[in-house]
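Encoded as C-alpha cells, the structure appears first; notes follow it.
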Protein chains: 2
Amino acid sequence: MTPEQEKEKEEKGEQEEQVLVLDAMKRYRNGEIWDFEDDMAVSDGHGGGENGVLLGLDGGTTSTVCICLPMVPSFSHSQLQSLPILARAVAGCSNHNSVGEIAARETLEQVMADALSKCGSKRSSVRAVCLAVSGVNHPTDQQRILNWLRDIFPSHVKLYVRNDAVAALASGTMGRLHGCVLIAGTGTIAYGFTEDGKEARAAGAGPVLGDWGSGYGIAAQALTAVVKAHDGRGPSTRLTNSILQALGLSSAEELIGWTYADPSWARIAALVPLVVSCAEAGDEVANKILLESVQELASSVKAVVERLGLSGQDGKDAFPLVMVGGVLEANRRWDIGKEVVNCISKYFPRVLPIRPKVEPAVGAAWLAWNFFMKECYS
Amino acid sequence: MTPEQEKEKEEKGEQEEQVLVLDAMKRYRNGEIWDFEDDMAVSDGHGGGENGVLLGLDGGTTSTVCICLPMVPSFSHSQLQSLPILARAVAGCSNHNSVGEIAARETLEQVMADALSKCGSKRSSVRAVCLAVSGVNHPTDQQRILNWLRDIFPSHVKLYVRNDAVAALASGTMGRLHGCVLIAGTGTIAYGFTEDGKEARAAGAGPVLGDWGSGYGIAAQALTAVVKAHDGRGPSTRLTNSILQALGLSSAEELIGWTYADPSWARIAALVPLVVSCAEAGDEVANKILLESVQELASSVKAVVERLGLSGQDGKDAFPLVMVGGVLEANRRWDIGKEVVNCISKYFPRVLPIRPKVEPAVGAAWLAWNFFMKECYS
C-alpha cells in the first residue's frame, strides 16, 4: 500500500468510525431501539388489552430474560399463575459490574423493547416494570438504574429495581416478598424477606470468602481431594479417575495446570455431576464433600431465617423456602436439595420447600403485579 | 499535525522501534551483559582464587538472588558455612511461567553477570552453577534451561538446574540433598529427598487446590470467618474489627469488593500477622484457623516423609526438616512453626527441625559445591 492509499484508508476508517458512533448515539438517544413503536397502528398499541402489560426482567451475569404479562387488576394473587406469557425476550449480560453501565443499560433497554415488540405493545401500555438484576447491592445502584429507566418510560409507569435473588424468590412465591430463597449454582446465596419489608442475606461472597456449598465450592473440594490423594495427604478416591478422565488428563499433577489456565468459576463448577456420580457409587470422599456442602447451604438458610425471625418466636411458623440453581435441581439419587431441606427441617419443622416451576423473570413480572397492586389499589 | 508530519512521525517511530529491537538483540546475542569481562585484566579474572568460583541462584516469583562463593575443593562438607560470600546480586522475577522464557532468561543471565562483575570474576573462572528456579517442575523445563545456560558458559562449567524448593532445603542442610523442606509463605509446599536420589512433594498446588496451611489459606479463612460472623453463620470474632480496621473498611460487606478488586494472593496472605495477634489475644476463631493450618502443614510433611521412608523402617531414624517462609518464621508467642514441629514429632520422634541462617541462594551455591565435588572428586 502506498502512503496515499494508506492515508485514504485511514480517513475512510475514521469516517466509518464516526458513522458507527453517530449510529450508536442516534440509536440510543433518539431511540432506534423503540422505532418499532412508530410502525404500530394505534389500535395495536395495547397488546395486553385495555389494562396494559407488565414487564419482569431477570438480569444475570450470563444472560438477561424479559417477560411480558398482561395486567389484570381483577385477578387475585392466587390467580397470577394463570396469566399468559405474552412475550419472552433474551439478551446477554446486564450486570453493570461485569460489562459497565452503558452496555448494561443498552442490553436491558433492548431486551425490554424486544419483548414489547413481540407482543405488539408500546411503552405507553406498560403499567409496571420490575427489573431484578445481579450487581444491585446498594440503594445507590438501585437509584442509578431507576434514573435511566425513568428516561425510557412515560411518567405513569411504575418502576421497581431489585437484586436478581428477589426474582428467584418471587418465582416460587407468586410474586410475594416473603420467605427465603436459596440459590446454588456456580455460586450460592441465601436471601430472605419478611412481610413487613425487612431483608437479610447470607453467603454470596464468592469462593475466596467461603461459599463452600456452591457448585464451585463442591468442585474445588473434589479437585483438592484428588491432589491430596495423589500427595499421600488424603485417602484414595474414585474422584481421581472420574475427573482426570473427564478432563482428558493423565495425572493429578496436570490438574494444577488445568485449574489455573482459566479463572472461570463456572468451568470448575461444571464438575459437580461427577462428584454426585462418585458419591452415588459409594465413594466416601465424594460423599463427605456433598454432606459438607449440604451443611454449608443449610447454615446459610438458617442464618437468614433466624435473623428475620421467619419461623416465628417459637420457631414453628410456616415460611416458604424457594430453591433455585443447578446444585439444588439435580434430579439425582444423591439429591443435594432434598438433603438441605431435611437438614433445615430439623430446626424449622414447618419450612415449606418450593422448587419453582417458572423462571425467575416470570417471578419478576409477578413482583411487578404485586408492587403495582399494592401501590395503586390498596 | 498535518498528514505529512504524521507520516514523518510514524516513520521515525518505526526507525526508533527497529533500533530498540536491534539494541536488544545485540545486547543479548553479542553479550553486552558480559562486556565487563573485556575490561578486566587477565590477572583479575579469578576473583575466587585459582580454584575459581561457584554460583548459586534462587529464582522466585518476586525476586531472584545470585550468590558467588569461592570454590575450595579442600574443604570438607562441614566447613562450607565458613566460605565467604564474594558477591550477591538481586533481580526481579525469573519464573518462566510468569514472565515468559525470554524475560526469565535475561533476568537470570543479568543477575549472574552482576554477581560475577561485583567480585571481579569472569565466566571462565566459574566451576559450577546451581540454578534453583520456581516453575521448574518437569525434566523438560530443566533441559530447556540447561540448553541456554550451556550457551552462556564455557564447556568446562558444571551446570545444575532444580526447583527453588531445593535451594531452601540446601540452605538448612549445607547443600546436602537429604531430608524434607517445608515452605510456608504466601503459598506452601513440602519437598523431600532421600540420599539415593528419590524425591517427593506434597501441596504446592495453590489456593484453589487446597493449600490451606499457606499464608493465603490462613488469611482467606480469616476473611471467611468475618463474613460468616456478619451473616450469622459463624461466631463473632475479634478478626472482624482487626481486619476491617487494618483495611480501612467500615463493614464486612465491603470485604467482598476488597477481596475481588485485586487477584494477588500475596495481598491476602499479608493479613496473617493479624490472625496471629487475634489468636494470641484469645480469639477462638483465629486460634482454630491457626490450629487447622498447623495440621495441614504437618500433613504435607508427613506425606513426604512417609513416601520417601525418611524416618526409616521403624519410623525412628533421624532426618532434617528445614522450615522456611514467613508463616513458619514468625517469631511470635503463637508460633506456627513450633506447633508444626510438635505435631510432626508425634509421628517422627527423631525429626531434626532446622531454621536456616542463610538465604536459599546460599543453599543453591552450597549445592553447586556438593554436585561439583561429587562429579569431579569422587
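Chain labels A, B, ... are given in the sequence in which chains occur in the C-alpha cells; within each chain residues are numbered consecutively from 1, and ligands are likewise numbered from 1 in the order shown.
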Check which residues of chain B sit at most 6 Å from chain A using only C-alpha atoms, and return one row each with the closest pair of atoms and their distance in Å to one decimal, ordered by chain and rising number, as a tab-separated table.
residue	atom	partner	partner_atom	distance
B:Ala202	CA	A:Asp231	CA	5.0
B:Ala205	CA	A:Ile256	CA	5.9
B:Leu209	CA	A:Thr224	CA	4.4
B:Gly210	CA	A:Thr224	CA	5.2
B:Thr224	CA	A:Leu209	CA	4.5
B:Asp231	CA	A:Ala202	CA	5.0
B:Gly232	CA	A:Ala303	CA	5.1
B:Arg233	CA	A:Ala303	CA	5.5
B:Ile256	CA	A:Ala205	CA	5.9
B:Ala303	CA	A:Gly232	CA	5.1
Those in stretch 20-172 of chain B with strand (DSSP E or B) from DSSP, as a PyMOL selection string: chain B and resi 53-59+64-70+87-91+126-133+158-163
Hey, can you spit out that residue selection with N, CA, C and O atoms as a short mmCIF file (atom, residue, chain, number, x, y, z; two decimals), in the first residue's frame?
data_model
loop_
_atom_site.label_atom_id
_atom_site.label_comp_id
_atom_site.auth_asym_id
_atom_site.auth_seq_id
_atom_site.Cartn_x
_atom_site.Cartn_y
_atom_site.Cartn_z
N VAL B 53 35.23 -19.93 41.09
CA VAL B 53 34.07 -19.60 41.92
C VAL B 53 32.87 -20.50 41.61
O VAL B 53 32.85 -21.21 40.60
N LEU B 54 31.88 -20.41 42.49
CA LEU B 54 30.60 -21.11 42.33
C LEU B 54 29.48 -20.10 42.30
O LEU B 54 29.55 -19.09 43.00
N LEU B 55 28.45 -20.38 41.52
CA LEU B 55 27.26 -19.51 41.54
C LEU B 55 26.05 -20.29 42.04
O LEU B 55 25.81 -21.43 41.61
N GLY B 56 25.32 -19.68 42.94
CA GLY B 56 24.05 -20.27 43.40
C GLY B 56 22.94 -19.28 43.17
O GLY B 56 23.06 -18.10 43.54
N LEU B 57 21.86 -19.72 42.51
CA LEU B 57 20.74 -18.81 42.23
C LEU B 57 19.46 -19.34 42.83
O LEU B 57 19.13 -20.53 42.69
N ASP B 58 18.71 -18.43 43.45
CA ASP B 58 17.37 -18.74 43.94
C ASP B 58 16.40 -17.84 43.17
O ASP B 58 16.36 -16.63 43.39
N GLY B 59 15.69 -18.44 42.22
CA GLY B 59 14.81 -17.64 41.36
C GLY B 59 13.35 -17.86 41.73
O GLY B 59 12.82 -18.95 41.58
N THR B 64 14.91 -12.64 42.33
CA THR B 64 15.94 -13.62 42.01
C THR B 64 17.23 -13.18 42.68
O THR B 64 17.62 -12.01 42.56
N VAL B 65 17.88 -14.09 43.41
CA VAL B 65 19.12 -13.75 44.09
C VAL B 65 20.23 -14.65 43.56
O VAL B 65 20.02 -15.85 43.38
N CYS B 66 21.39 -14.05 43.31
CA CYS B 66 22.55 -14.83 42.88
C CYS B 66 23.69 -14.61 43.86
O CYS B 66 24.02 -13.47 44.21
N ILE B 67 24.27 -15.70 44.33
CA ILE B 67 25.37 -15.65 45.30
C ILE B 67 26.62 -16.25 44.65
O ILE B 67 26.53 -17.26 43.95
N CYS B 68 27.75 -15.59 44.89
CA CYS B 68 29.01 -16.11 44.37
C CYS B 68 29.92 -16.52 45.54
O CYS B 68 30.19 -15.70 46.43
N LEU B 69 30.33 -17.78 45.55
CA LEU B 69 31.23 -18.29 46.60
C LEU B 69 32.54 -18.73 45.96
O LEU B 69 32.55 -19.14 44.80
N PRO B 70 33.63 -18.71 46.71
CA PRO B 70 34.87 -19.28 46.17
C PRO B 70 34.78 -20.81 46.17
O PRO B 70 34.17 -21.39 47.06
N ALA B 87 30.08 -12.23 46.44
CA ALA B 87 29.18 -11.22 45.86
C ALA B 87 27.74 -11.71 45.95
O ALA B 87 27.48 -12.91 46.01
N ARG B 88 26.85 -10.73 45.97
CA ARG B 88 25.41 -11.04 45.99
C ARG B 88 24.72 -10.05 45.05
O ARG B 88 24.96 -8.84 45.13
N ALA B 89 23.91 -10.56 44.14
CA ALA B 89 23.18 -9.68 43.21
C ALA B 89 21.70 -10.06 43.25
O ALA B 89 21.36 -11.22 43.48
N VAL B 90 20.85 -9.06 43.04
CA VAL B 90 19.40 -9.29 43.11
C VAL B 90 18.74 -8.77 41.83
O VAL B 90 19.12 -7.73 41.30
N ALA B 91 17.75 -9.52 41.34
CA ALA B 91 16.97 -9.07 40.18
C ALA B 91 15.50 -9.44 40.41
O ALA B 91 15.15 -9.92 41.49
N VAL B 126 34.28 -19.65 36.53
CA VAL B 126 33.18 -20.34 37.22
C VAL B 126 33.41 -21.85 37.12
O VAL B 126 33.75 -22.37 36.06
N ARG B 127 33.27 -22.54 38.25
CA ARG B 127 33.42 -24.01 38.22
C ARG B 127 32.05 -24.68 38.10
O ARG B 127 31.90 -25.67 37.39
N ALA B 128 31.08 -24.14 38.83
CA ALA B 128 29.75 -24.77 38.80
C ALA B 128 28.67 -23.74 39.08
O ALA B 128 28.90 -22.77 39.81
N VAL B 129 27.51 -23.95 38.47
CA VAL B 129 26.35 -23.08 38.68
C VAL B 129 25.17 -23.96 39.13
O VAL B 129 24.88 -24.96 38.48
N CYS B 130 24.54 -23.58 40.23
CA CYS B 130 23.29 -24.26 40.58
C CYS B 130 22.16 -23.25 40.52
O CYS B 130 22.11 -22.29 41.30
N LEU B 131 21.27 -23.47 39.57
CA LEU B 131 20.16 -22.57 39.32
C LEU B 131 18.89 -23.22 39.88
O LEU B 131 18.41 -24.21 39.33
N ALA B 132 18.38 -22.67 40.98
CA ALA B 132 17.16 -23.23 41.58
C ALA B 132 16.04 -22.22 41.34
O ALA B 132 15.99 -21.17 41.97
N VAL B 133 15.17 -22.53 40.38
CA VAL B 133 14.13 -21.57 39.98
C VAL B 133 12.73 -22.16 40.16
O VAL B 133 12.50 -23.32 39.85
N LYS B 158 30.28 -26.76 35.20
CA LYS B 158 29.21 -27.72 35.53
C LYS B 158 27.92 -26.97 35.82
O LYS B 158 27.93 -25.97 36.56
N LEU B 159 26.82 -27.46 35.26
CA LEU B 159 25.54 -26.76 35.39
C LEU B 159 24.48 -27.66 35.99
O LEU B 159 24.34 -28.82 35.59
N TYR B 160 23.75 -27.13 36.97
CA TYR B 160 22.68 -27.89 37.63
C TYR B 160 21.43 -27.01 37.71
O TYR B 160 21.51 -25.87 38.15
N VAL B 161 20.29 -27.56 37.27
CA VAL B 161 19.04 -26.80 37.30
C VAL B 161 18.02 -27.55 38.15
O VAL B 161 17.78 -28.74 37.94
N ARG B 162 17.47 -26.88 39.13
CA ARG B 162 16.49 -27.50 40.03
C ARG B 162 15.33 -26.56 40.35
O ARG B 162 15.38 -25.38 40.03
N ASN B 163 14.34 -27.11 41.02
CA ASN B 163 13.22 -26.32 41.56
C ASN B 163 13.72 -25.49 42.74
O ASN B 163 14.64 -25.89 43.44
#
Distance of atom CA of B:Asn370 from atom CA of B:Thr107, expressed in Å to one decimal place: 25.2 Å
Leaving out B:Phe36 and any residue of its chain fewer than 6 positions from it, which residues lie within 9 Å of it when counting only C-alpha atoms, given as a compact mmCIF listing (two decimals) with N, CA and C atoms, in the first residue's frame?
# COMPACT_ATOMS: atom_id res chain seq x y z
N ALA B 113 25.69 -12.17 35.75
CA ALA B 113 26.73 -11.24 35.30
C ALA B 113 27.02 -10.21 36.40
N SER B 117 30.58 -9.76 38.08
CA SER B 117 31.21 -8.46 37.91
C SER B 117 31.58 -7.85 39.27
N LYS B 122 35.33 -13.73 35.90
CA LYS B 122 34.80 -13.96 34.57
C LYS B 122 34.07 -15.30 34.53
Straight-line distance linking atom CA of B:Thr62 with atom CA of B:Glu109, stated in Å to one decimal: 16.7 Å
Å distance separating atom CA of A:Asp262 from atom CA of B:Ser264, one decimal place: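 Computing it gives 15.5 Å between the two atoms.
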Contacts of stretch 332-349 of chain A at 10 Å (only C-alpha atoms; same-chain gap of 4+ positions) as a ChimeraX atom specification: /A:182,184,213,273,276-281,287,290-291,293-299,301-302,305-306,310-312,314-319,321,323-328,353,355
Backbone DSSP call of helix (DSSP H, G or I) for stretch 238-328 of chain A, listed as JSON, numbers by chain: {"A": [238, 239, 240, 241, 242, 243, 244, 245, 246, 247, 254, 255, 256, 257, 258, 259, 260, 265, 266, 267, 268, 269, 272, 273, 274, 275, 276, 277, 278, 279, 280, 284, 285, 286, 287, 288, 289, 290, 291, 292, 293, 294, 295, 296, 297, 298, 299, 300, 301, 302, 303, 304, 305, 306, 307, 308, 326, 327, 328]}
Selected residue, from B:Glu101, B:Glu375, B:Glu359, B:Asp114, that lies nearest to B:Ala168 when counting only C-alpha atoms: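 Among the listed residues, the smallest separation from B:Ala168 belongs to B:Glu359.
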Which residue of B:Ala165, B:Ala270, B:Leu308, B:Ala365 approaches B:Gln81 most closely, using only C-alpha atoms: B:Ala365
